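Next comes run.cif, with mmCIF, C-alpha atoms.
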```
data_upload
loop_
_atom_site.label_atom_id
_atom_site.label_comp_id
_atom_site.auth_asym_id
_atom_site.auth_seq_id
_atom_site.Cartn_x
_atom_site.Cartn_y
_atom_site.Cartn_z
CA MET Q 15 -62.48 12.98 3.47
CA ALA Q 16 -59.18 11.36 4.17
CA TRP Q 17 -55.91 10.77 2.39
CA ASP Q 18 -55.82 8.36 -0.56
CA ARG Q 19 -52.89 6.06 -1.33
CA ASN Q 20 -50.94 8.73 -3.16
CA GLN Q 21 -51.56 11.37 -0.50
CA MET Q 22 -50.36 8.95 2.18
CA ALA Q 23 -47.25 8.26 0.13
CA ALA Q 24 -46.67 11.99 -0.37
CA ARG Q 25 -47.01 12.57 3.38
CA ALA Q 26 -44.60 9.72 4.10
CA ALA Q 27 -42.09 11.28 1.69
CA GLN Q 28 -41.96 14.32 4.00
CA GLU Q 29 -40.22 12.02 6.52
CA LEU Q 30 -37.16 11.71 4.28
CA GLN Q 31 -34.03 13.66 5.06
CA ASP Q 32 -31.19 14.65 2.78
CA GLY Q 33 -28.41 12.08 2.61
CA TRP Q 34 -30.42 9.21 4.04
CA TYR Q 35 -30.31 5.61 2.87
CA VAL Q 36 -33.88 4.33 2.99
CA ASN Q 37 -35.74 1.08 2.38
CA LEU Q 38 -39.28 1.25 1.02
CA GLY Q 39 -41.59 -1.74 1.44
CA ILE Q 40 -44.03 -3.19 -1.07
CA GLY Q 41 -47.35 -1.45 -1.85
CA ILE Q 42 -48.02 2.16 -0.81
CA PRO Q 43 -44.45 2.55 0.53
CA THR Q 44 -43.12 1.96 -3.01
CA LEU Q 45 -45.11 5.04 -4.13
CA VAL Q 46 -43.14 7.22 -1.70
CA ALA Q 47 -40.33 7.31 -4.26
CA ASN Q 48 -42.59 9.41 -6.52
CA TYR Q 49 -42.84 12.20 -3.92
CA ILE Q 50 -39.28 12.74 -2.69
CA PRO Q 51 -39.10 16.49 -1.95
CA LYS Q 52 -36.93 18.70 -4.16
CA GLY Q 53 -33.48 19.22 -2.72
CA VAL Q 54 -33.65 16.05 -0.66
CA GLU Q 55 -31.29 13.39 -1.93
CA VAL Q 56 -32.04 9.90 -0.66
CA THR Q 57 -30.61 6.57 -1.79
CA LEU Q 58 -33.13 3.75 -1.97
CA GLN Q 59 -32.03 0.33 -0.81
CA SER Q 60 -33.68 -2.75 -2.23
CA GLU Q 61 -33.00 -5.70 0.07
CA ASN Q 62 -32.50 -8.16 -2.78
CA GLY Q 63 -29.11 -6.49 -3.24
CA MET Q 64 -29.13 -2.96 -4.60
CA LEU Q 65 -28.41 0.56 -3.41
CA GLY Q 66 -29.47 3.41 -5.67
CA MET Q 67 -32.69 2.06 -7.14
CA GLY Q 68 -33.96 3.90 -10.22
CA PRO Q 69 -37.45 4.14 -11.74
CA PHE Q 70 -39.24 1.47 -13.76
CA PRO Q 71 -37.60 0.88 -17.18
CA PHE Q 72 -39.04 2.08 -20.47
CA GLU Q 73 -41.06 -0.54 -22.28
CA GLY Q 74 -38.72 -2.90 -24.11
CA GLU Q 75 -35.81 -2.17 -21.76
CA GLU Q 76 -36.81 -4.53 -18.94
CA ASP Q 77 -33.95 -6.64 -17.62
CA ALA Q 78 -34.74 -9.94 -15.87
CA ASP Q 79 -31.55 -9.48 -13.81
CA LEU Q 80 -32.62 -6.10 -12.48
CA ILE Q 81 -35.58 -6.18 -10.10
CA ASN Q 82 -36.61 -4.67 -6.76
CA ALA Q 83 -37.68 -6.52 -3.63
CA GLY Q 84 -41.25 -6.65 -4.99
CA LYS Q 85 -39.88 -8.54 -8.02
CA GLN Q 86 -40.72 -5.57 -10.27
CA THR Q 87 -38.35 -4.59 -13.06
CA VAL Q 88 -36.41 -1.41 -12.17
CA THR Q 89 -33.38 0.51 -13.47
CA GLU Q 90 -30.01 1.49 -12.10
CA LEU Q 91 -28.63 4.99 -11.46
CA PRO Q 92 -25.10 6.39 -11.80
CA GLN Q 93 -24.51 5.76 -8.06
CA THR Q 94 -25.97 2.21 -8.02
CA ALA Q 95 -24.15 -0.60 -6.24
CA PHE Q 96 -25.09 -4.29 -6.33
CA PHE Q 97 -24.27 -6.84 -3.62
CA ASP Q 98 -25.40 -10.21 -2.32
CA SER Q 99 -28.21 -10.88 0.18
CA SER Q 100 -25.92 -11.42 3.17
CA GLN Q 101 -24.24 -8.05 2.63
CA SER Q 102 -27.63 -6.45 2.01
CA PHE Q 103 -28.85 -7.55 5.42
CA ALA Q 104 -25.50 -6.79 7.04
CA MET Q 105 -26.13 -3.12 6.22
CA ILE Q 106 -29.73 -3.41 7.44
CA ARG Q 107 -28.90 -5.29 10.65
CA GLY Q 108 -25.83 -3.12 11.14
CA GLY Q 109 -27.93 0.03 11.41
CA LYS Q 110 -26.69 1.69 8.23
CA ILE Q 111 -30.19 2.25 6.84
CA ALA Q 112 -31.70 5.41 8.35
CA MET Q 113 -35.36 4.53 7.87
CA ALA Q 114 -37.73 1.89 6.58
CA ILE Q 115 -41.25 2.69 5.41
CA LEU Q 116 -43.44 -0.41 5.57
CA GLY Q 117 -47.05 -1.51 5.28
CA ALA Q 118 -48.93 -2.99 8.24
CA MET Q 119 -51.88 -5.28 8.96
CA GLU Q 120 -51.96 -4.17 12.61
CA VAL Q 121 -50.01 -1.78 14.82
CA ALA Q 122 -50.25 -1.56 18.60
CA GLU Q 123 -49.87 1.42 20.90
CA ASN Q 124 -46.49 0.17 22.16
CA GLY Q 125 -45.11 0.03 18.60
CA ASP Q 126 -45.69 -3.68 17.97
CA LEU Q 127 -46.09 -4.40 14.26
CA ALA Q 128 -47.86 -7.31 12.53
CA ASN Q 129 -47.61 -7.54 8.76
CA TRP Q 130 -46.56 -11.02 7.71
CA MET Q 131 -49.22 -13.67 8.30
CA ILE Q 132 -52.81 -14.49 9.20
CA PRO Q 133 -52.74 -17.95 10.82
CA GLY Q 134 -54.60 -20.59 8.82
CA LYS Q 135 -55.42 -18.16 6.02
CA LEU Q 136 -52.62 -16.16 4.56
CA VAL Q 137 -49.03 -17.32 4.71
CA LYS Q 138 -46.79 -15.22 2.59
CA GLY Q 139 -43.85 -14.94 4.93
CA MET Q 140 -42.01 -12.04 6.50
CA GLY Q 141 -39.48 -11.53 3.73
CA GLY Q 142 -37.04 -8.91 4.98
CA ALA Q 143 -39.50 -7.09 7.24
CA MET Q 144 -38.34 -8.63 10.54
CA ASP Q 145 -34.72 -7.79 9.74
CA LEU Q 146 -35.65 -4.25 8.71
CA VAL Q 147 -37.67 -3.38 11.81
CA ALA Q 148 -34.96 -4.84 14.05
CA GLY Q 149 -32.10 -3.07 12.31
CA VAL Q 150 -32.97 0.30 10.80
CA GLY Q 151 -32.83 3.61 12.64
CA ARG Q 152 -36.47 4.60 12.29
CA VAL Q 153 -39.59 2.64 11.32
CA VAL Q 154 -42.57 4.40 9.73
CA VAL Q 155 -45.67 2.42 8.77
CA VAL Q 156 -48.12 3.50 6.11
CA MET Q 157 -51.53 1.83 6.41
CA ASP Q 158 -55.28 2.16 6.28
CA HIS Q 159 -56.55 3.05 9.73
CA THR Q 160 -59.39 0.51 9.62
CA ASN Q 161 -60.17 -2.74 7.81
CA LYS Q 162 -62.95 -3.27 5.28
CA ALA Q 163 -65.42 -3.90 8.11
CA GLY Q 164 -64.49 -0.53 9.63
CA GLU Q 165 -62.63 -2.06 12.59
CA SER Q 166 -59.52 -0.33 13.85
CA LYS Q 167 -56.12 -1.69 12.81
CA VAL Q 168 -54.44 0.65 15.31
CA LEU Q 169 -54.85 -1.42 18.45
CA LYS Q 170 -54.10 -1.73 22.13
CA SER Q 171 -52.28 -4.94 21.27
CA CYS Q 172 -51.88 -6.89 18.03
CA SER Q 173 -53.91 -10.06 17.52
CA LEU Q 174 -51.76 -11.34 14.61
CA PRO Q 175 -48.25 -12.83 14.89
CA LEU Q 176 -45.75 -10.00 15.29
CA THR Q 177 -43.13 -8.85 12.82
CA GLY Q 178 -41.38 -6.91 15.57
CA LYS Q 179 -41.95 -5.92 19.17
CA ALA Q 180 -42.03 -2.19 20.02
CA VAL Q 181 -40.43 -1.23 16.71
CA VAL Q 182 -42.74 1.35 15.11
CA ASP Q 183 -41.87 5.04 15.56
CA ARG Q 184 -44.58 6.70 13.47
CA ILE Q 185 -47.88 5.70 11.84
CA ILE Q 186 -49.10 7.44 8.70
CA SER Q 187 -52.66 6.33 7.93
CA ASN Q 188 -55.42 7.59 5.68
CA LEU Q 189 -56.71 9.53 8.71
CA GLY Q 190 -53.51 11.18 9.92
CA VAL Q 191 -50.11 10.85 11.55
CA LEU Q 192 -49.48 9.38 15.00
CA ASP Q 193 -46.29 8.84 16.97
CA VAL Q 194 -45.60 6.00 19.36
CA VAL Q 195 -44.79 7.62 22.72
CA PRO Q 196 -44.71 6.39 26.33
CA GLY Q 197 -48.26 5.43 27.31
CA GLY Q 198 -49.72 5.20 23.81
CA LEU Q 199 -50.02 7.17 20.59
CA LYS Q 200 -49.79 10.92 20.12
CA ILE Q 201 -51.62 12.69 17.30
CA VAL Q 202 -49.14 14.60 15.16
CA GLU Q 203 -51.36 15.60 12.29
CA LEU Q 204 -54.87 15.07 10.91
CA ALA Q 205 -55.49 14.15 7.28
CA ASP Q 206 -57.34 16.68 5.13
CA GLY Q 207 -60.96 16.93 6.24
CA VAL Q 208 -60.56 14.51 9.16
CA THR Q 209 -61.52 15.68 12.63
CA GLU Q 210 -59.75 14.64 15.80
CA ALA Q 211 -62.99 13.00 16.95
CA GLU Q 212 -63.09 10.88 13.78
CA LEU Q 213 -59.46 9.82 14.22
CA ARG Q 214 -60.05 8.92 17.87
CA ALA Q 215 -63.20 6.96 17.00
CA ALA Q 216 -61.25 4.89 14.44
CA THR Q 217 -58.41 4.18 16.87
CA GLU Q 218 -58.62 1.39 19.46
CA ALA Q 219 -55.17 2.25 20.86
CA ASN Q 220 -54.83 4.65 23.74
CA ILE Q 221 -54.22 8.20 22.56
CA VAL Q 222 -52.25 10.41 24.93
CA ASN Q 223 -52.38 14.18 24.94
CA MET Y 215 -9.34 -31.11 -11.75
CA LYS Y 216 -12.14 -30.80 -14.22
CA LYS Y 217 -15.12 -28.73 -13.12
CA VAL Y 218 -16.91 -28.22 -16.41
CA PHE Y 219 -19.72 -30.70 -17.17
CA LYS Y 220 -21.69 -31.00 -20.37
CA ASP Y 221 -25.16 -30.42 -18.92
CA ALA Y 222 -27.22 -30.26 -15.72
CA ASP Y 223 -27.93 -34.03 -15.70
CA ALA Y 224 -24.23 -34.84 -15.90
CA ALA Y 225 -23.32 -32.24 -13.28
CA LEU Y 226 -25.73 -33.76 -10.72
CA GLU Y 227 -24.70 -37.37 -11.30
CA GLY Y 228 -23.75 -39.18 -8.09
CA ILE Y 229 -24.63 -36.23 -5.87
CA LEU Y 230 -28.36 -36.51 -5.22
CA PHE Y 231 -30.00 -38.66 -2.54
CA ASP Y 232 -33.45 -38.80 -0.95
CA GLY Y 233 -33.86 -36.67 2.16
CA MET Y 234 -30.95 -34.34 1.36
CA LEU Y 235 -30.67 -30.64 2.21
CA ILE Y 236 -30.24 -28.36 -0.79
CA ALA Y 237 -29.44 -24.63 -0.61
CA ALA Y 238 -30.56 -22.73 -3.69
CA GLY Y 239 -29.69 -19.22 -4.86
CA GLY Y 240 -32.17 -16.78 -6.38
CA PHE Y 241 -34.68 -14.13 -5.34
CA GLY Y 242 -38.15 -14.62 -6.77
CA LEU Y 243 -37.37 -15.89 -10.26
CA CYS Y 244 -34.27 -13.68 -10.55
CA GLY Y 245 -30.99 -15.56 -10.60
CA ILE Y 246 -32.49 -18.98 -9.91
CA PRO Y 247 -30.66 -22.15 -11.00
CA GLU Y 248 -33.49 -23.08 -13.35
CA LEU Y 249 -31.60 -25.76 -15.30
CA LEU Y 250 -30.42 -27.62 -12.19
CA ILE Y 251 -33.92 -27.48 -10.68
CA ALA Y 252 -35.37 -28.99 -13.87
CA ALA Y 253 -32.70 -31.70 -13.79
CA ILE Y 254 -33.48 -32.54 -10.13
CA LYS Y 255 -37.12 -32.89 -11.13
CA LYS Y 256 -36.18 -35.49 -13.77
CA THR Y 257 -34.24 -37.61 -11.27
CA GLY Y 258 -37.23 -37.90 -8.95
CA THR Y 259 -35.03 -37.43 -5.87
CA LYS Y 260 -37.48 -36.89 -3.03
CA ASP Y 261 -38.03 -35.86 0.60
CA LEU Y 262 -35.89 -32.82 -0.09
CA THR Y 263 -35.38 -29.99 2.35
CA VAL Y 264 -34.69 -26.83 0.36
CA ALA Y 265 -33.24 -23.63 1.81
CA SER Y 266 -34.21 -20.89 -0.63
CA ASN Y 267 -35.61 -17.41 -0.10
CA ASN Y 268 -38.67 -18.24 -2.24
CA CYS Y 269 -40.15 -21.34 -3.82
CA GLY Y 270 -40.54 -20.27 -7.44
CA VAL Y 271 -44.00 -19.84 -8.93
CA ASP Y 272 -46.56 -22.42 -10.00
CA GLY Y 273 -44.82 -24.62 -12.55
CA PHE Y 274 -41.50 -22.77 -12.73
CA GLY Y 275 -38.35 -22.77 -10.66
CA LEU Y 276 -38.69 -24.64 -7.37
CA GLY Y 277 -42.46 -24.64 -7.93
CA GLN Y 278 -41.83 -27.55 -10.30
CA LEU Y 279 -40.52 -29.69 -7.43
CA LEU Y 280 -43.67 -28.92 -5.45
CA ASP Y 281 -45.84 -30.18 -8.29
CA THR Y 282 -44.00 -33.51 -8.17
CA ARG Y 283 -44.04 -33.61 -4.32
CA GLN Y 284 -40.26 -33.93 -4.21
CA ILE Y 285 -39.96 -31.25 -1.50
CA LYS Y 286 -40.72 -32.26 2.09
CA LYS Y 287 -39.68 -29.03 3.75
CA MET Y 288 -38.88 -25.46 2.73
CA MET Y 289 -36.72 -22.98 4.62
CA SER Y 290 -37.83 -19.66 3.15
CA SER Y 291 -38.69 -16.06 3.93
CA TYR Y 292 -41.43 -15.36 1.39
CA VAL Y 293 -43.67 -17.73 -0.53
CA GLY Y 294 -46.57 -15.52 -1.53
CA GLU Y 295 -46.32 -16.10 -5.27
CA ASN Y 296 -47.23 -19.75 -5.35
CA ALA Y 297 -50.77 -21.13 -5.03
CA GLU Y 298 -49.66 -24.78 -4.93
CA PHE Y 299 -47.23 -23.93 -2.12
CA MET Y 300 -50.04 -22.34 -0.12
CA ARG Y 301 -52.29 -25.34 -0.73
CA GLN Y 302 -49.67 -27.91 0.35
CA PHE Y 303 -48.70 -25.82 3.36
CA LEU Y 304 -52.24 -25.24 4.62
CA SER Y 305 -53.08 -28.93 4.15
CA LYS Y 306 -49.88 -29.82 6.07
CA GLU Y 307 -48.42 -31.83 3.15
CA LEU Y 308 -45.47 -29.46 3.12
CA GLU Y 309 -43.42 -28.40 6.11
CA VAL Y 310 -42.25 -24.80 6.17
CA GLU Y 311 -39.66 -23.17 8.37
CA PHE Y 312 -40.05 -19.42 7.95
CA ASN Y 313 -36.78 -17.55 8.23
CA PRO Y 314 -36.42 -13.78 8.15
CA GLN Y 315 -34.69 -13.00 4.86
CA GLY Y 316 -31.51 -11.60 6.39
CA THR Y 317 -31.35 -14.42 8.91
CA LEU Y 318 -31.60 -16.96 6.08
CA ALA Y 319 -28.82 -15.24 4.11
CA GLU Y 320 -26.60 -15.00 7.19
CA ARG Y 321 -27.29 -18.63 8.14
CA MET Y 322 -25.95 -19.65 4.73
CA ARG Y 323 -22.98 -17.28 4.96
CA ALA Y 324 -22.18 -18.50 8.48
CA GLY Y 325 -22.51 -22.17 7.52
CA GLY Y 326 -20.09 -21.66 4.65
CA ALA Y 327 -17.67 -19.76 6.85
CA GLY Y 328 -17.45 -22.41 9.59
CA ILE Y 329 -19.57 -20.40 12.01
CA PRO Y 330 -22.13 -22.71 13.70
CA GLY Y 331 -24.33 -19.93 15.04
CA PHE Y 332 -24.72 -16.21 15.52
CA TYR Y 333 -26.82 -13.83 17.59
CA THR Y 334 -29.26 -11.43 15.95
CA LYS Y 335 -31.95 -9.01 17.08
CA THR Y 336 -34.11 -10.02 14.13
CA GLY Y 337 -37.24 -11.83 15.30
CA VAL Y 338 -36.90 -11.13 19.04
CA GLY Y 339 -40.40 -11.06 20.57
CA THR Y 340 -41.95 -12.92 17.61
CA ILE Y 341 -42.80 -16.59 17.00
CA ILE Y 342 -39.45 -16.87 15.18
CA ALA Y 343 -37.71 -16.56 18.56
CA GLU Y 344 -39.67 -19.38 20.21
CA GLY Y 345 -37.40 -22.16 21.48
CA LYS Y 346 -34.22 -20.28 20.60
CA GLU Y 347 -31.52 -19.24 23.06
CA HIS Y 348 -31.84 -15.58 24.12
CA LYS Y 349 -28.85 -13.57 25.26
CA ASP Y 350 -28.36 -9.93 26.24
CA PHE Y 351 -25.48 -7.87 24.89
CA ASN Y 352 -25.12 -4.22 26.00
CA GLY Y 353 -28.67 -4.20 27.32
CA GLU Y 354 -30.29 -5.52 24.13
CA THR Y 355 -31.74 -8.99 23.63
CA TYR Y 356 -30.59 -11.21 20.78
CA ILE Y 357 -31.48 -14.74 19.67
CA LEU Y 358 -29.18 -17.52 18.54
CA GLU Y 359 -29.56 -18.61 14.92
CA ARG Y 360 -27.69 -21.59 13.45
CA GLY Y 361 -25.49 -21.69 10.39
CA ILE Y 362 -26.71 -23.85 7.52
CA VAL Y 363 -24.46 -26.47 5.95
CA ALA Y 364 -26.21 -28.04 2.97
CA ASP Y 365 -25.48 -31.36 1.28
CA LEU Y 366 -25.62 -29.52 -2.03
CA SER Y 367 -25.89 -25.94 -3.15
CA ILE Y 368 -27.20 -24.98 -6.56
CA VAL Y 369 -26.54 -21.49 -7.88
CA LYS Y 370 -26.85 -19.46 -11.06
CA ALA Y 371 -24.18 -17.00 -12.21
CA TRP Y 372 -23.64 -14.85 -15.30
CA LYS Y 373 -20.11 -15.99 -16.16
CA ALA Y 374 -17.67 -18.58 -14.92
CA ASP Y 375 -14.16 -19.54 -15.90
CA PRO Y 376 -13.13 -23.22 -15.95
CA SER Y 377 -11.61 -22.90 -12.46
CA GLY Y 378 -15.06 -22.11 -11.03
CA ASN Y 379 -14.63 -18.39 -10.44
CA LEU Y 380 -18.08 -16.80 -10.71
CA VAL Y 381 -19.34 -13.38 -11.73
CA PHE Y 382 -22.97 -12.40 -11.21
CA ARG Y 383 -25.00 -9.74 -12.96
CA LYS Y 384 -26.98 -6.96 -11.24
CA THR Y 385 -29.63 -8.12 -8.74
CA ALA Y 386 -29.34 -11.72 -9.98
CA ARG Y 387 -26.50 -12.07 -7.46
CA ASN Y 388 -28.82 -12.06 -4.40
CA PHE Y 389 -28.65 -15.36 -2.44
CA ASN Y 390 -26.28 -17.08 -4.87
CA PRO Y 391 -22.94 -16.20 -3.21
CA PRO Y 392 -23.97 -17.18 0.34
CA ALA Y 393 -25.73 -20.31 -0.98
CA ALA Y 394 -22.62 -21.29 -2.95
CA THR Y 395 -20.48 -21.20 0.18
CA CYS Y 396 -22.72 -23.33 2.40
CA GLY Y 397 -22.91 -26.49 0.28
CA LYS Y 398 -20.62 -29.47 0.83
CA ILE Y 399 -20.80 -29.58 -2.96
CA CYS Y 400 -21.72 -26.58 -5.08
CA VAL Y 401 -22.95 -26.87 -8.67
CA ALA Y 402 -23.19 -23.64 -10.66
CA GLU Y 403 -25.04 -23.02 -13.89
CA VAL Y 404 -23.94 -20.02 -15.92
CA GLU Y 405 -24.85 -18.20 -19.10
CA GLU Y 406 -21.28 -18.33 -20.37
CA ILE Y 407 -18.10 -20.18 -19.50
CA VAL Y 408 -15.25 -17.92 -20.56
CA PRO Y 409 -11.60 -18.93 -21.09
CA LEU Y 410 -9.25 -19.01 -18.12
CA GLY Y 411 -7.64 -15.60 -17.68
CA SER Y 412 -10.47 -13.62 -19.25
CA LEU Y 413 -12.16 -12.66 -15.96
CA ASP Y 414 -10.49 -9.78 -14.11
CA PRO Y 415 -9.36 -11.32 -10.77
CA ASP Y 416 -10.41 -8.08 -9.03
CA THR Y 417 -14.02 -8.56 -10.11
CA ILE Y 418 -14.64 -12.19 -9.07
CA HIS Y 419 -17.71 -12.36 -6.80
CA THR Y 420 -17.40 -16.02 -5.77
CA PRO Y 421 -13.92 -17.54 -5.87
CA GLY Y 422 -13.67 -20.97 -7.49
CA ILE Y 423 -12.76 -22.72 -4.24
CA TYR Y 424 -16.49 -22.80 -3.41
CA VAL Y 425 -17.58 -24.20 -6.77
CA HIS Y 426 -17.13 -27.87 -7.68
CA ARG Y 427 -19.07 -28.33 -10.89
CA ILE Y 428 -20.11 -25.88 -13.62
CA ILE Y 429 -22.42 -26.04 -16.60
CA GLN Y 430 -23.26 -23.56 -19.31
CA GLY Y 431 -26.80 -23.39 -20.65
CA GLU Y 432 -29.66 -21.38 -22.08
CA HIS Y 433 -31.76 -19.63 -19.46
CA GLU Y 434 -35.35 -18.55 -19.82
CA LYS Y 435 -34.88 -15.81 -17.19
CA ARG Y 436 -38.58 -15.28 -16.68
CA ILE Y 437 -39.72 -11.87 -15.37
CA GLU Y 438 -42.20 -12.08 -12.48
CA GLN Y 439 -43.53 -8.48 -12.47
CA ARG Y 440 -42.93 -6.60 -15.69
CA THR Y 441 -43.24 -2.93 -14.69
CA THR Y 442 -42.46 -0.10 -17.10
CA ARG Y 443 -42.93 3.65 -17.48
CA LYS Y 444 -44.06 5.64 -20.49
CA ARG Y 445 -41.55 7.47 -22.64
CA GLU Y 446 -41.98 11.23 -22.60
CA ALA Y 447 -43.37 12.43 -25.91
CA SER Y 448 -40.49 14.08 -27.76
#
```

What's the structure tokens form of this structure?
Amino acid sequence: MAWDRNQMAARAAQELQDGWYVNLGIGIPTLVANYIPKGVEVTLQSENGMLGMGPFPFEGEEDADLINAGKQTVTELPQTAFFDSSQSFAMIRGGKIAMAILGAMEVAENGDLANWMIPGKLVKGMGGAMDLVAGVGRVVVVMDHTNKAGESKVLKSCSLPLTGKAVVDRIISNLGVLDVVPGGLKIVELADGVTEAELRAATEANIVN
Amino acid sequence: MKKVFKDADAALEGILFDGMLIAAGGFGLCGIPELLIAAIKKTGTKDLTVASNNCGVDGFGLGQLLDTRQIKKMMSSYVGENAEFMRQFLSKELEVEFNPQGTLAERMRAGGAGIPGFYTKTGVGTIIAEGKEHKDFNGETYILERGIVADLSIVKAWKADPSGNLVFRKTARNFNPPAATCGKICVAEVEEIVPLGSLDPDTIHTPGIYVHRIIQGEHEKRIEQRTTRKREAS
């Protein structure tokens, strides 16, 4: 047993605090918007130039001029504001965004994050991820703990080109929640049905008590 | 002063040359200057360096200029939607300078504002920082990034007036305003040119001083990821 995509997103949503401006990355992080706790009001920033991102439109109401950073059609809300890309990243770089929730290919025990390229194989680019991890108040990554071959993606040090150095605050994986602390990672929580021994076995990074 | 041209071909006349640097607005396929890109394709102007967040998709937007090998180098943040791009990049036919998205936007803004460089934390400790000047401010390390001044910028707006004032719509604004400012010449394509005096001066996003030529045209406005939700049964 472990958390599935939706359970990871629901757990990540518990990180949100009332009044925060938050940026959600592509993939599982996007699902976090479905689990925002009752009574917690957060404003979602989309780095292509929007604050106050609404849900997907009803069929037939899609607007080519209204998309999120994953290029998906979205809707606006009563509090929505639009702006250009330089202003969008001014608020990111300027520390106005409380938290970013992002995906990861690899995370290291010192908080290094790699999520933008595999040399010689996959070159998608970093998009806004480097700006986000350098600028926002808190960085939470949501990821599978291991790759398809069962090898740990939570490492002593990243093998892939970095997105940011010592930037991750918290890891939420299918196996549990870990914080980046001096000396390594600290277990905060185990996913349903996962034992501490299983989490440790799937983690290459040093775990401190 | 006459800024309005009859079509994209006419608006680009006398501007294009091989090896030039073009800054383009747009995010994904949203707010891209699709008519001007198609017109550049027709001219065959080559060895282009293009500063644009993305490079279109296969066969549409800037992807069209990849098919014809008119682009020598891209300055982009994300190119994951384009198989031909990936192929040309991995086979080293196409040069790519990856820029973090905010750094790319700020490089355009800075270039247009007469600022030759700026320091940012973005990319410190990554391959993006290699070869760049590092400097500490208040105990934190920053890297120097350079402003971009392009030979030409091509942008897409919703409305313009004949003086070149531009208004964008929703998230189609994106890179268009900073791109517009950083070109020595800026050509804008819009959905509608409205009479002088009909745009509220308080709502102009890009003042006409940045815009030298304007065309009105029909836009396909292709949607890249059509995502919807179900209506609740009533």

Check which residues of chain Y sit at most 7 Å from chain Q using all atoms listed in the file, and return one row each with the closest pair of atoms and their distance in Å to one decimal, ordered by chain and rising number, as CSV.
```
residue,atom,partner,partner_atom,distance
Y:Phe241,CA,Q:Asn62,CA,6.9
Y:Gly242,CA,Q:Lys85,CA,6.4
Y:Cys244,CA,Q:Asp79,CA,6.0
Y:Gly245,CA,Q:Asp79,CA,6.9
Y:Ser291,CA,Q:Gly141,CA,4.6
Y:Tyr292,CA,Q:Gly139,CA,4.3
Y:Val293,CA,Q:Lys138,CA,5.1
Y:Gly294,CA,Q:Lys138,CA,4.1
Y:Leu304,CA,Q:Gly134,CA,6.7
Y:Phe312,CA,Q:Gly139,CA,6.6
Y:Pro314,CA,Q:Gly141,CA,5.8
Y:Gln315,CA,Q:Gly142,CA,4.7
Y:Gly316,CA,Q:Phe103,CA,4.9
Y:Ala319,CA,Q:Ser100,CA,4.9
Y:Glu320,CA,Q:Ser100,CA,5.4
Y:Arg323,CA,Q:Ser100,CA,6.8
Y:Lys335,CA,Q:Ala148,CA,6.0
Y:Thr336,CA,Q:Asp145,CA,5.0
Y:Gly337,CA,Q:Met144,CA,5.8
Y:Gly339,CA,Q:Lys179,CA,5.5
Y:Thr340,CA,Q:Leu176,CA,5.3
Y:Ile341,CA,Q:Pro175,CA,6.9
Y:Arg383,CA,Q:Asp79,CA,6.6
Y:Lys384,CA,Q:Asp79,CA,5.8
Y:Thr385,CA,Q:Leu80,CA,5.2
Y:Ala386,CA,Q:Asp79,CA,5.0
Y:Arg387,CA,Q:Asp98,CA,5.6
Y:Asn388,CA,Q:Asp98,CA,4.4
Y:Phe389,CA,Q:Ser99,CA,5.2
Y:Pro391,CA,Q:Asp98,CA,6.5
Y:Pro392,CA,Q:Ser100,CA,6.7
Y:Lys435,CA,Q:Ala78,CA,6.0
Y:Arg436,CA,Q:Ala78,CA,6.6
Y:Ile437,CA,Q:Ala78,CA,5.4
Y:Glu438,CA,Q:Lys85,CA,6.1
Y:Gln439,CA,Q:Gln86,CA,4.6
Y:Arg440,CA,Q:Thr87,CA,5.7
Y:Thr441,CA,Q:Thr87,CA,5.4
Y:Thr442,CA,Q:Phe70,CA,4.9
Y:Arg443,CA,Q:Phe72,CA,5.2
Y:Lys444,CA,Q:Phe72,CA,6.2
Y:Arg445,CA,Q:Phe72,CA,6.3
```

Here's the selection I'm unsure about, the PyMOL selection byres ((chain Y and resi 322) around 8); applied to the file above, which residues does it give, as a PyMOL selection string? chain Y and resi 318-321+323-326+361-363+392-393+395-396

Report as a PDB file with C-alpha atoms, in the frame of the given file the residues that result from applying the PyMOL selection byres ((chain Q and resi 113) around 9) to the structure here.
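To be explicit, this is the file written out as selection_29.pdb:
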```pdb
ATOM      1  CA  LEU Q  30     -37.160  11.710   4.280  1.00  0.00           C
ATOM      2  CA  TRP Q  34     -30.420   9.210   4.040  1.00  0.00           C
ATOM      3  CA  TYR Q  35     -30.310   5.610   2.870  1.00  0.00           C
ATOM      4  CA  VAL Q  36     -33.880   4.330   2.990  1.00  0.00           C
ATOM      5  CA  ASN Q  37     -35.740   1.080   2.380  1.00  0.00           C
ATOM      6  CA  LEU Q  38     -39.280   1.250   1.020  1.00  0.00           C
ATOM      7  CA  ILE Q 111     -30.190   2.250   6.840  1.00  0.00           C
ATOM      8  CA  ALA Q 112     -31.700   5.410   8.350  1.00  0.00           C
ATOM      9  CA  ALA Q 114     -37.730   1.890   6.580  1.00  0.00           C
ATOM     10  CA  ILE Q 115     -41.250   2.690   5.410  1.00  0.00           C
ATOM     11  CA  LEU Q 146     -35.650  -4.250   8.710  1.00  0.00           C
ATOM     12  CA  VAL Q 150     -32.970   0.300  10.800  1.00  0.00           C
ATOM     13  CA  GLY Q 151     -32.830   3.610  12.640  1.00  0.00           C
ATOM     14  CA  ARG Q 152     -36.470   4.600  12.290  1.00  0.00           C
ATOM     15  CA  VAL Q 153     -39.590   2.640  11.320  1.00  0.00           C
ATOM     16  CA  VAL Q 154     -42.570   4.400   9.730  1.00  0.00           C
TER      17      VAL Q 154
END
```

Expand the PyMOL selection byres ((chain Q and resi 155) around 10) into the individual residues it matches in the shown file, reporting them as a list in words. Ala26, Gly39, Ile42, Pro43, Ala114, Ile115, Leu116, Gly117, Ala118, Met119, Glu120, Val121, Leu127, Val153, Val154, Val156, Met157, Asp158, Val182, Asp183, Arg184, Ile185, Ile186, Ser187 and Val191 of chain Q
